[in-house]
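Source file: run04.json (JSON, C-alpha atoms)
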```
[["chain", "number", "residue", "atom", "x", "y", "z"],
["A", 6, "MET", "CA", -15.08, -60.78, 39.19],
["A", 7, "THR", "CA", -15.54, -57.77, 41.43],
["A", 8, "TYR", "CA", -13.52, -54.68, 42.13],
["A", 9, "LYS", "CA", -12.21, -53.40, 45.42],
["A", 10, "ASP", "CA", -14.71, -51.18, 47.24],
["A", 11, "SER", "CA", -17.53, -52.11, 44.84],
["A", 12, "ILE", "CA", -21.20, -52.63, 45.56],
["A", 13, "GLU", "CA", -20.81, -56.28, 44.59],
["A", 14, "GLN", "CA", -18.56, -56.92, 47.57],
["A", 15, "ASN", "CA", -21.19, -55.52, 49.89],
["A", 16, "LEU", "CA", -23.86, -57.62, 48.21],
["A", 17, "TYR", "CA", -21.82, -60.78, 48.79],
["A", 18, "ALA", "CA", -21.44, -59.84, 52.45],
["A", 19, "LEU", "CA", -25.17, -59.22, 52.71],
["A", 20, "ILE", "CA", -25.92, -62.63, 51.19],
["A", 21, "ALA", "CA", -23.51, -64.31, 53.60],
["A", 22, "THR", "CA", -25.06, -62.53, 56.59],
["A", 23, "LYS", "CA", -28.57, -63.42, 55.41],
["A", 24, "GLU", "CA", -27.54, -67.06, 55.04],
["A", 25, "ARG", "CA", -26.13, -67.08, 58.56],
["A", 26, "LEU", "CA", -29.34, -65.58, 59.97],
["A", 27, "THR", "CA", -31.51, -68.02, 58.01],
["A", 28, "GLU", "CA", -29.54, -70.96, 59.38],
["A", 29, "PHE", "CA", -29.98, -69.61, 62.91],
["A", 30, "MET", "CA", -33.73, -69.18, 62.46],
["A", 31, "LYS", "CA", -34.12, -72.68, 60.96],
["A", 32, "TYR", "CA", -31.93, -74.68, 63.31],
["A", 33, "GLY", "CA", -31.36, -72.46, 66.34],
["A", 34, "GLU", "CA", -27.60, -72.71, 65.87],
["A", 35, "LEU", "CA", -25.33, -69.85, 64.92],
["A", 36, "ARG", "CA", -22.74, -71.02, 62.41],
["A", 37, "GLU", "CA", -19.34, -69.42, 62.17],
["A", 38, "GLN", "CA", -19.01, -66.81, 59.45],
["A", 39, "SER", "CA", -16.04, -68.68, 58.01],
["A", 40, "GLU", "CA", -18.25, -71.75, 57.45],
["A", 41, "ILE", "CA", -20.73, -69.65, 55.48],
["A", 42, "PHE", "CA", -17.92, -68.05, 53.45],
["A", 43, "ASP", "CA", -16.50, -71.49, 52.64],
["A", 44, "GLU", "CA", -19.94, -72.73, 51.59],
["A", 45, "LEU", "CA", -20.47, -69.71, 49.33],
["A", 46, "ASP", "CA", -16.85, -69.84, 48.08],
["A", 47, "ILE", "CA", -16.04, -66.34, 49.34],
["A", 48, "SER", "CA", -12.52, -65.65, 50.62],
["A", 49, "LEU", "CA", -11.96, -63.73, 53.84],
["A", 50, "SER", "CA", -9.61, -61.32, 52.05],
["A", 51, "PHE", "CA", -12.48, -60.47, 49.74],
["A", 52, "ILE", "CA", -14.69, -59.58, 52.71],
["A", 53, "GLU", "CA", -11.94, -57.51, 54.35],
["A", 54, "GLU", "CA", -11.90, -55.21, 51.31],
["A", 55, "MET", "CA", -15.57, -54.27, 51.71],
["A", 56, "LEU", "CA", -16.77, -50.78, 52.31],
["A", 57, "GLN", "CA", -17.15, -49.90, 55.97],
["A", 58, "ARG", "CA", -19.24, -47.23, 57.67],
["A", 59, "GLU", "CA", -16.93, -45.09, 59.75],
["A", 60, "ARG", "CA", -16.96, -41.78, 61.61],
["A", 61, "ASN", "CA", -14.53, -38.97, 60.92],
["A", 62, "GLU", "CA", -12.92, -36.73, 63.55],
["A", 63, "ASN", "CA", -16.06, -34.55, 63.57],
["A", 64, "GLY", "CA", -18.31, -37.53, 64.28],
["A", 65, "LYS", "CA", -19.92, -37.58, 60.84],
["A", 66, "LEU", "CA", -20.58, -40.93, 59.13],
["A", 67, "TYR", "CA", -18.90, -41.76, 55.84],
["A", 68, "ILE", "CA", -18.25, -44.83, 53.73],
["A", 69, "GLY", "CA", -14.59, -45.77, 53.67]]
```
Would you kindly transcribe this structure into structure tokens?
Amino acid sequence: MTYKDSIEQNLYALIATKERLTEFMKYGELREQSEIFDELDISLSFIEEMLQRERNENGKLYIG
């Protein structure tokens, strides 16, 4: 169980991205992110709730 905007959500996304990169390096094929999410049993709605780096109206970065 994780909470919205938690570090755990970002860790799951990092693991999924790492898995996708590892598959590419091993086999030379880039799998779809949805395939990786299905394999790791992560829902897309879960990923959509992750923290995102964004810029405000002054151009400064923030986590939102």
Original post:
How many Å separate CA of Asn15 (chain A) from CA of Leu45 (chain A)?
Top reply: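 Answer for the CA of Asn15 (chain A) to CA of Leu45 (chain A) separation: 14.2 Å.
Atom pair CA of Thr22 (chain A) / CA of Glu44 (chain A) has a distance of 12.5 Å (rounded to one decimal).
Here CA of Ser48 (chain A) is placed at a distance of 15.8 Å from CA of Arg25 (chain A).
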Original post:
Which residue out of A:Glu28, A:Ala18, A:Ile12, A:Asn61 has the minimum interatomic distance to Phe42 (chain A) when all atoms listed in the file are used?
Top reply: A:Ala18
From the coordinates I just gave you, please extract region 18-29 of chain A so that only all heavy atoms remain, then output it as a short mmCIF file (atom, residue, chain, number, x, y, z; two decimals), in the first residue's frame.
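The file below, part-v2.cif, is the result:
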```cif
data_model
loop_
_atom_site.label_atom_id
_atom_site.label_comp_id
_atom_site.auth_asym_id
_atom_site.auth_seq_id
_atom_site.Cartn_x
_atom_site.Cartn_y
_atom_site.Cartn_z
N ALA A 18 8.19 3.65 -9.99
CA ALA A 18 8.44 4.16 -11.35
C ALA A 18 9.90 3.98 -11.72
O ALA A 18 10.22 3.63 -12.86
CB ALA A 18 8.04 5.62 -11.44
N LEU A 19 10.80 4.20 -10.78
CA LEU A 19 12.22 4.02 -11.03
C LEU A 19 12.53 2.56 -11.35
O LEU A 19 13.28 2.26 -12.28
CB LEU A 19 13.02 4.48 -9.82
CG LEU A 19 14.53 4.37 -9.92
CD1 LEU A 19 15.07 5.25 -11.03
CD2 LEU A 19 15.16 4.74 -8.60
N ILE A 20 11.93 1.65 -10.60
CA ILE A 20 12.13 0.22 -10.85
C ILE A 20 11.62 -0.16 -12.23
O ILE A 20 12.28 -0.89 -12.97
CB ILE A 20 11.45 -0.63 -9.76
CG1 ILE A 20 12.21 -0.46 -8.44
CG2 ILE A 20 11.37 -2.10 -10.15
CD1 ILE A 20 11.47 -0.99 -7.23
N ALA A 21 10.45 0.35 -12.59
CA ALA A 21 9.89 0.05 -13.91
C ALA A 21 10.77 0.60 -15.03
O ALA A 21 11.01 -0.08 -16.03
CB ALA A 21 8.47 0.62 -14.03
N THR A 22 11.29 1.79 -14.86
CA THR A 22 12.16 2.39 -15.87
C THR A 22 13.47 1.61 -15.97
O THR A 22 13.98 1.37 -17.06
CB THR A 22 12.44 3.87 -15.52
OG1 THR A 22 11.19 4.55 -15.47
CG2 THR A 22 13.33 4.52 -16.55
N LYS A 23 14.02 1.21 -14.82
CA LYS A 23 15.25 0.41 -14.81
C LYS A 23 15.03 -0.92 -15.53
O LYS A 23 15.87 -1.36 -16.31
CB LYS A 23 15.71 0.17 -13.38
CG LYS A 23 16.97 -0.67 -13.30
CD LYS A 23 17.12 -1.24 -11.90
CE LYS A 23 18.05 -2.39 -11.85
NZ LYS A 23 17.57 -3.61 -12.45
N GLU A 24 13.90 -1.54 -15.28
CA GLU A 24 13.58 -2.82 -15.93
C GLU A 24 13.49 -2.64 -17.44
O GLU A 24 14.00 -3.46 -18.20
CB GLU A 24 12.26 -3.36 -15.38
CG GLU A 24 11.87 -4.71 -15.93
CD GLU A 24 12.80 -5.83 -15.52
OE1 GLU A 24 13.47 -5.71 -14.48
OE2 GLU A 24 12.86 -6.83 -16.27
N ARG A 25 12.88 -1.56 -17.87
CA ARG A 25 12.75 -1.29 -19.31
C ARG A 25 14.13 -1.09 -19.93
O ARG A 25 14.41 -1.61 -21.00
CB ARG A 25 11.88 -0.06 -19.51
CG ARG A 25 11.47 0.17 -20.92
CD ARG A 25 10.48 1.31 -21.00
NE ARG A 25 10.01 1.46 -22.34
CZ ARG A 25 9.68 2.61 -22.89
NH1 ARG A 25 9.76 3.71 -22.18
NH2 ARG A 25 9.26 2.67 -24.12
N LEU A 26 15.00 -0.35 -19.27
CA LEU A 26 16.35 -0.11 -19.77
C LEU A 26 17.17 -1.40 -19.79
O LEU A 26 17.90 -1.68 -20.74
CB LEU A 26 17.05 0.94 -18.91
CG LEU A 26 18.47 1.31 -19.31
CD1 LEU A 26 18.51 1.85 -20.74
CD2 LEU A 26 19.04 2.33 -18.35
N THR A 27 17.04 -2.21 -18.75
CA THR A 27 17.75 -3.49 -18.69
C THR A 27 17.33 -4.39 -19.84
O THR A 27 18.19 -5.02 -20.49
CB THR A 27 17.48 -4.19 -17.34
OG1 THR A 27 17.93 -3.33 -16.29
CG2 THR A 27 18.18 -5.52 -17.25
N GLU A 28 16.04 -4.47 -20.11
CA GLU A 28 15.55 -5.27 -21.23
C GLU A 28 16.14 -4.77 -22.56
O GLU A 28 16.52 -5.56 -23.41
CB GLU A 28 14.02 -5.23 -21.29
CG GLU A 28 13.33 -5.91 -20.14
CD GLU A 28 13.29 -7.41 -20.29
OE1 GLU A 28 13.23 -7.89 -21.44
OE2 GLU A 28 13.33 -8.09 -19.26
N PHE A 29 16.21 -3.46 -22.71
CA PHE A 29 16.77 -2.89 -23.94
C PHE A 29 18.24 -3.26 -24.08
O PHE A 29 18.70 -3.64 -25.16
CB PHE A 29 16.59 -1.37 -23.96
CG PHE A 29 17.22 -0.73 -25.15
CD1 PHE A 29 16.65 -0.86 -26.41
CD2 PHE A 29 18.39 0.01 -25.02
CE1 PHE A 29 17.24 -0.28 -27.52
CE2 PHE A 29 18.98 0.59 -26.12
CZ PHE A 29 18.41 0.45 -27.37
#
```
